[in-house]
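Peer 1: Just data_20.pdb, nothing more (PDB, C-alpha atoms):
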ATOM      1  CA  MET A   1      26.984  -5.771  24.355  1.00  0.00           C
ATOM      2  CA  PRO A   2      26.636  -9.322  23.030  1.00  0.00           C
ATOM      3  CA  GLU A   3      26.838 -10.180  19.370  1.00  0.00           C
ATOM      4  CA  ILE A   4      23.382 -10.813  17.910  1.00  0.00           C
ATOM      5  CA  GLU A   5      22.552 -12.965  14.872  1.00  0.00           C
ATOM      6  CA  ILE A   6      20.065 -10.944  12.782  1.00  0.00           C
ATOM      7  CA  GLY A   7      19.729 -13.392   9.899  1.00  0.00           C
ATOM      8  CA  ILE A   8      20.446 -10.900   7.103  1.00  0.00           C
ATOM      9  CA  ASP A   9      23.610  -9.233   5.836  1.00  0.00           C
ATOM     10  CA  PHE A  10      24.021  -5.501   5.252  1.00  0.00           C
ATOM     11  CA  ASP A  11      23.910  -5.644   1.420  1.00  0.00           C
ATOM     12  CA  THR A  12      20.691  -7.689   1.408  1.00  0.00           C
ATOM     13  CA  ALA A  13      19.070  -5.376   3.956  1.00  0.00           C
ATOM     14  CA  GLU A  14      20.081  -2.265   2.020  1.00  0.00           C
ATOM     15  CA  LYS A  15      18.715  -3.696  -1.242  1.00  0.00           C
ATOM     16  CA  ALA A  16      15.383  -4.525   0.444  1.00  0.00           C
ATOM     17  CA  SER A  17      14.994  -1.039   1.921  1.00  0.00           C
ATOM     18  CA  GLY A  18      14.795   0.972  -1.307  1.00  0.00           C
ATOM     19  CA  PRO A  19      11.813   1.336  -3.616  1.00  0.00           C
ATOM     20  CA  ILE A  20      10.951  -1.359  -6.130  1.00  0.00           C
ATOM     21  CA  PRO A  21      10.878  -0.399  -9.831  1.00  0.00           C
ATOM     22  CA  ASP A  22       7.777   1.351 -11.145  1.00  0.00           C
ATOM     23  CA  GLY A  23       5.361  -1.052 -12.786  1.00  0.00           C
ATOM     24  CA  ASP A  24       2.349  -3.302 -12.346  1.00  0.00           C
ATOM     25  CA  TYR A  25       2.361  -5.785  -9.453  1.00  0.00           C
ATOM     26  CA  ASP A  26       0.088  -8.419  -7.957  1.00  0.00           C
ATOM     27  CA  VAL A  27      -0.719  -7.296  -4.420  1.00  0.00           C
ATOM     28  CA  GLN A  28      -2.657  -8.610  -1.426  1.00  0.00           C
ATOM     29  CA  LEU A  29      -4.335  -6.437   1.192  1.00  0.00           C
ATOM     30  CA  VAL A  30      -2.819  -7.223   4.597  1.00  0.00           C
ATOM     31  CA  ASP A  31      -4.013  -4.373   6.813  1.00  0.00           C
ATOM     32  CA  SER A  32      -5.828  -1.051   6.972  1.00  0.00           C
ATOM     33  CA  ASN A  33      -5.953   1.809   9.425  1.00  0.00           C
ATOM     34  CA  LEU A  34      -8.533   4.528   9.944  1.00  0.00           C
ATOM     35  CA  GLY A  35      -7.117   7.986  10.585  1.00  0.00           C
ATOM     36  CA  GLU A  36      -7.390  11.646   9.662  1.00  0.00           C
ATOM     37  CA  THR A  37      -5.558  13.757   7.125  1.00  0.00           C
ATOM     38  CA  GLY A  38      -2.723  15.799   8.566  1.00  0.00           C
ATOM     39  CA  PRO A  39      -2.457  19.527   9.205  1.00  0.00           C
ATOM     40  CA  ASN A  40      -0.773  20.201   5.832  1.00  0.00           C
ATOM     41  CA  SER A  41      -3.415  18.418   3.734  1.00  0.00           C
ATOM     42  CA  LYS A  42      -5.980  20.246   1.582  1.00  0.00           C
ATOM     43  CA  VAL A  43      -8.671  19.564   4.190  1.00  0.00           C
ATOM     44  CA  PRO A  44      -7.020  18.794   7.555  1.00  0.00           C
ATOM     45  CA  GLY A  45      -8.813  16.392   9.863  1.00  0.00           C
ATOM     46  CA  THR A  46     -10.759  14.593   7.105  1.00  0.00           C
ATOM     47  CA  PRO A  47     -11.244  10.864   7.815  1.00  0.00           C
ATOM     48  CA  LYS A  48      -9.090   8.550   5.694  1.00  0.00           C
ATOM     49  CA  ILE A  49      -8.245   4.879   5.324  1.00  0.00           C
ATOM     50  CA  ASP A  50      -4.617   3.842   4.885  1.00  0.00           C
ATOM     51  CA  TRP A  51      -4.492   0.511   3.031  1.00  0.00           C
ATOM     52  CA  ILE A  52      -1.417  -1.713   3.391  1.00  0.00           C
ATOM     53  CA  PHE A  53      -0.621  -4.225   0.658  1.00  0.00           C
ATOM     54  CA  GLU A  54       2.150  -6.754   0.065  1.00  0.00           C
ATOM     55  CA  VAL A  55       3.609  -7.719  -3.302  1.00  0.00           C
ATOM     56  CA  ILE A  56       2.849 -11.354  -4.167  1.00  0.00           C
ATOM     57  CA  ASN A  57       3.684 -13.814  -6.958  1.00  0.00           C
ATOM     58  CA  ASN A  58       6.518 -11.723  -8.390  1.00  0.00           C
ATOM     59  CA  SER A  59       9.274 -13.344 -10.434  1.00  0.00           C
ATOM     60  CA  HIS A  60      11.788 -11.209  -8.483  1.00  0.00           C
ATOM     61  CA  SER A  61      11.584 -12.980  -5.141  1.00  0.00           C
ATOM     62  CA  ASP A  62      13.130  -9.949  -3.402  1.00  0.00           C
ATOM     63  CA  TYR A  63       9.966  -7.969  -4.193  1.00  0.00           C
ATOM     64  CA  ASN A  64       7.541 -10.499  -2.669  1.00  0.00           C
ATOM     65  CA  GLY A  65       6.388  -9.368   0.752  1.00  0.00           C
ATOM     66  CA  ARG A  66       7.345  -5.728   0.133  1.00  0.00           C
ATOM     67  CA  LYS A  67       4.797  -3.367   1.654  1.00  0.00           C
ATOM     68  CA  LEU A  68       3.002  -0.825  -0.524  1.00  0.00           C
ATOM     69  CA  PHE A  69       0.569   1.835   0.627  1.00  0.00           C
ATOM     70  CA  MET A  70      -2.545   3.550  -0.664  1.00  0.00           C
ATOM     71  CA  THR A  71      -4.780   6.108   1.042  1.00  0.00           C
ATOM     72  CA  THR A  72      -8.427   6.861   0.405  1.00  0.00           C
ATOM     73  CA  VAL A  73      -9.800  10.076   1.856  1.00  0.00           C
ATOM     74  CA  LEU A  74     -13.402   9.624   2.981  1.00  0.00           C
ATOM     75  CA  SER A  75     -14.912  12.624   1.236  1.00  0.00           C
ATOM     76  CA  SER A  76     -16.919  13.113  -1.925  1.00  0.00           C
ATOM     77  CA  ASN A  77     -13.636  13.613  -3.839  1.00  0.00           C
ATOM     78  CA  GLY A  78     -12.156  10.374  -2.455  1.00  0.00           C
ATOM     79  CA  ALA A  79     -15.256   8.272  -3.045  1.00  0.00           C
ATOM     80  CA  GLY A  80     -14.230   7.411  -6.604  1.00  0.00           C
ATOM     81  CA  ILE A  81     -10.911   6.002  -5.420  1.00  0.00           C
ATOM     82  CA  LEU A  82     -12.695   3.902  -2.787  1.00  0.00           C
ATOM     83  CA  VAL A  83     -15.093   2.597  -5.453  1.00  0.00           C
ATOM     84  CA  SER A  84     -12.165   1.621  -7.710  1.00  0.00           C
ATOM     85  CA  LEU A  85     -10.324  -0.060  -4.852  1.00  0.00           C
ATOM     86  CA  THR A  86     -13.225  -2.161  -3.597  1.00  0.00           C
ATOM     87  CA  LYS A  87     -14.116  -3.218  -7.154  1.00  0.00           C
ATOM     88  CA  ALA A  88     -10.489  -4.201  -7.820  1.00  0.00           C
ATOM     89  CA  LEU A  89     -10.516  -6.268  -4.627  1.00  0.00           C
ATOM     90  CA  GLY A  90     -13.623  -8.043  -5.923  1.00  0.00           C
ATOM     91  CA  LYS A  91     -16.124  -6.724  -3.421  1.00  0.00           C
ATOM     92  CA  PRO A  92     -17.917  -3.411  -4.007  1.00  0.00           C
ATOM     93  CA  TRP A  93     -19.550  -2.262  -0.773  1.00  0.00           C
ATOM     94  CA  SER A  94     -23.225  -1.496  -0.273  1.00  0.00           C
ATOM     95  CA  GLY A  95     -24.935   0.902   2.111  1.00  0.00           C
ATOM     96  CA  THR A  96     -23.184   3.770   3.852  1.00  0.00           C
ATOM     97  CA  LYS A  97     -20.680   1.755   5.926  1.00  0.00           C
ATOM     98  CA  ILE A  98     -17.654  -0.327   5.033  1.00  0.00           C
ATOM     99  CA  ASP A  99     -15.884  -3.021   7.048  1.00  0.00           C
ATOM    100  CA  THR A 100     -12.268  -2.985   5.913  1.00  0.00           C
ATOM    101  CA  ASP A 101     -11.694  -6.438   7.440  1.00  0.00           C
ATOM    102  CA  ASP A 102     -13.956  -7.837   4.697  1.00  0.00           C
ATOM    103  CA  TYR A 103     -11.175  -7.029   2.206  1.00  0.00           C
ATOM    104  CA  LEU A 104      -8.208  -8.534   4.054  1.00  0.00           C
ATOM    105  CA  GLN A 105      -6.284 -11.113   2.014  1.00  0.00           C
ATOM    106  CA  HIS A 106      -8.103 -10.058  -1.188  1.00  0.00           C
ATOM    107  CA  THR A 107      -5.836  -9.487  -4.180  1.00  0.00           C
ATOM    108  CA  CYS A 108      -5.674  -7.150  -7.154  1.00  0.00           C
ATOM    109  CA  LYS A 109      -3.189  -5.560  -9.532  1.00  0.00           C
ATOM    110  CA  ALA A 110      -1.525  -2.275  -8.618  1.00  0.00           C
ATOM    111  CA  LYS A 111       0.276   0.318 -10.700  1.00  0.00           C
ATOM    112  CA  VAL A 112       3.227   1.326  -8.527  1.00  0.00           C
ATOM    113  CA  VAL A 113       5.210   4.544  -8.901  1.00  0.00           C
ATOM    114  CA  THR A 114       8.177   6.037  -7.086  1.00  0.00           C
ATOM    115  CA  GLU A 115       7.762   9.436  -5.478  1.00  0.00           C
ATOM    116  CA  GLU A 116      10.206  11.788  -3.790  1.00  0.00           C
ATOM    117  CA  TYR A 117       9.376  13.586  -0.566  1.00  0.00           C
ATOM    118  CA  ALA A 118      11.950  15.624   1.354  1.00  0.00           C
ATOM    119  CA  GLY A 119      14.796  13.936  -0.510  1.00  0.00           C
ATOM    120  CA  ASN A 120      13.586  10.388   0.180  1.00  0.00           C
ATOM    121  CA  PHE A 121      12.229   8.038  -2.467  1.00  0.00           C
ATOM    122  CA  SER A 122       9.389   5.620  -1.750  1.00  0.00           C
ATOM    123  CA  ASN A 123       6.760   3.636  -3.593  1.00  0.00           C
ATOM    124  CA  LYS A 124       3.099   4.523  -3.808  1.00  0.00           C
ATOM    125  CA  ILE A 125       0.168   2.723  -5.362  1.00  0.00           C
ATOM    126  CA  LYS A 126      -1.117   5.045  -8.068  1.00  0.00           C
ATOM    127  CA  LYS A 127      -3.969   2.865  -9.339  1.00  0.00           C
ATOM    128  CA  VAL A 128      -5.573  -0.505  -8.669  1.00  0.00           C
ATOM    129  CA  TYR A 129      -7.421  -2.749 -11.080  1.00  0.00           C
TER     130      TYR A 129
END
Kindly return the structure encoded in the file as structure tokens.
Peer 2:
Amino acid sequence: MPEIEIGIDFDTAEKASGPIPDGDYDVQLVDSNLGETGPNSKVPGTPKIDWIFEVINNSHSDYNGRKLFMTTVLSSNGAGILVSLTKALGKPWSGTKIDTDDYLQHTCKAKVVTEEYAGNFSNKIKKVY
């Protein structure tokens, strides 16, 4: 097999793969996906939106571009989270439909925490403002 230049060394790649420290970060919405909650959720099969953000404008350049995730379940219980998110992104929705593309590239602040699941640690957006 030929040698391939990957443009990053092992130590740098390993450092970039772990969670960032808990705290408040500037983030930008870069993508969203519509799906359903899984079989082990409180209400399996409930529609949800997975929001994908990137850290921006951070003094630790290694953190910029890091992906962070937030999920809103589309139920009466999840409506409050969706309200908070769209307000934080500067565009509350009206009517009974939402176009997630309207929020792409919008920015807000996010409170980020580290959570453990099955022995792995990862970041999660706990709150947006």
Peer 1: Starting from the shown file, work through the PyMOL selection byres ((chain A and resi 22) around 9) and note down what comes out as a PyMOL selection string.
Peer 2: chain A and resi 19-21+23-24+111-114+123
Peer 1: Next, dump the selected residues to file, keeping only C-alpha atoms, as a short mmCIF file (atom, residue, chain, number, x, y, z; two decimals), in the frame of the given file.
Peer 2:
data_model
loop_
_atom_site.label_atom_id
_atom_site.label_comp_id
_atom_site.auth_asym_id
_atom_site.auth_seq_id
_atom_site.Cartn_x
_atom_site.Cartn_y
_atom_site.Cartn_z
CA PRO A 19 11.81 1.34 -3.62
CA ILE A 20 10.95 -1.36 -6.13
CA PRO A 21 10.88 -0.40 -9.83
CA GLY A 23 5.36 -1.05 -12.79
CA ASP A 24 2.35 -3.30 -12.35
CA LYS A 111 0.28 0.32 -10.70
CA VAL A 112 3.23 1.33 -8.53
CA VAL A 113 5.21 4.54 -8.90
CA THR A 114 8.18 6.04 -7.09
CA ASN A 123 6.76 3.64 -3.59
#
Peer 1: Please list as a PyMOL selection string every residue within 9 Å of segment 36-42 of chain A, counting only C-alpha atoms and excluding residues in the same chain fewer than 6 positions away.
Peer 2: chain A and resi 48-49+73
Peer 1: Select, from A:Leu34, A:Val43, A:Ile81, A:Leu89, the residue with the minimum atom-to-atom distance to Leu104 of chain A, counting all atoms listed in the file.
Peer 2: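 Of the candidates, the smallest distance to Leu104 of chain A is held by A:Leu89.
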Peer 1: Report the distance between atom CA of Asp62 of chain A and atom CA of Tyr129 of chain A in Å, rounded to one decimal place.
Peer 2: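 Between atom CA of Asp62 of chain A and atom CA of Tyr129 of chain A the gap is 23.1 Å.
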Peer 1: Could you produce a table of the residues of segment 51-78 of chain A lying within 6 Å of segment 28-32 of chain A, with the nearest pair of atoms per residue and their separation in Å rounded to one decimal, using all atoms listed in the file, ordered by chain and increasing residue number, as JSON lines?
Peer 2:
{"residue": "A:Trp51", "atom": "CA", "partner": "A:Ser32", "partner_atom": "CA", "distance": 4.4}
{"residue": "A:Ile52", "atom": "CA", "partner": "A:Asp31", "partner_atom": "CA", "distance": 5.1}
{"residue": "A:Phe53", "atom": "CA", "partner": "A:Leu29", "partner_atom": "CA", "distance": 4.4}
{"residue": "A:Glu54", "atom": "CA", "partner": "A:Gln28", "partner_atom": "CA", "distance": 5.4}
Peer 1: Compile the contact shell of Gly90 of chain A as a compact mmCIF listing (two decimals) with C-alpha atoms, in the frame of the given file: residues with an atom at most 9 Å away, counting all atoms listed in the file, same-chain residues fewer than 2 positions apart removed.
Peer 2:
# COMPACT_ATOMS: atom_id res chain seq x y z
CA LEU A 85 -10.32 -0.06 -4.85
CA THR A 86 -13.22 -2.16 -3.60
CA LYS A 87 -14.12 -3.22 -7.15
CA ALA A 88 -10.49 -4.20 -7.82
CA PRO A 92 -17.92 -3.41 -4.01
CA TYR A 103 -11.18 -7.03 2.21
CA HIS A 106 -8.10 -10.06 -1.19
CA THR A 107 -5.84 -9.49 -4.18
CA CYS A 108 -5.67 -7.15 -7.15
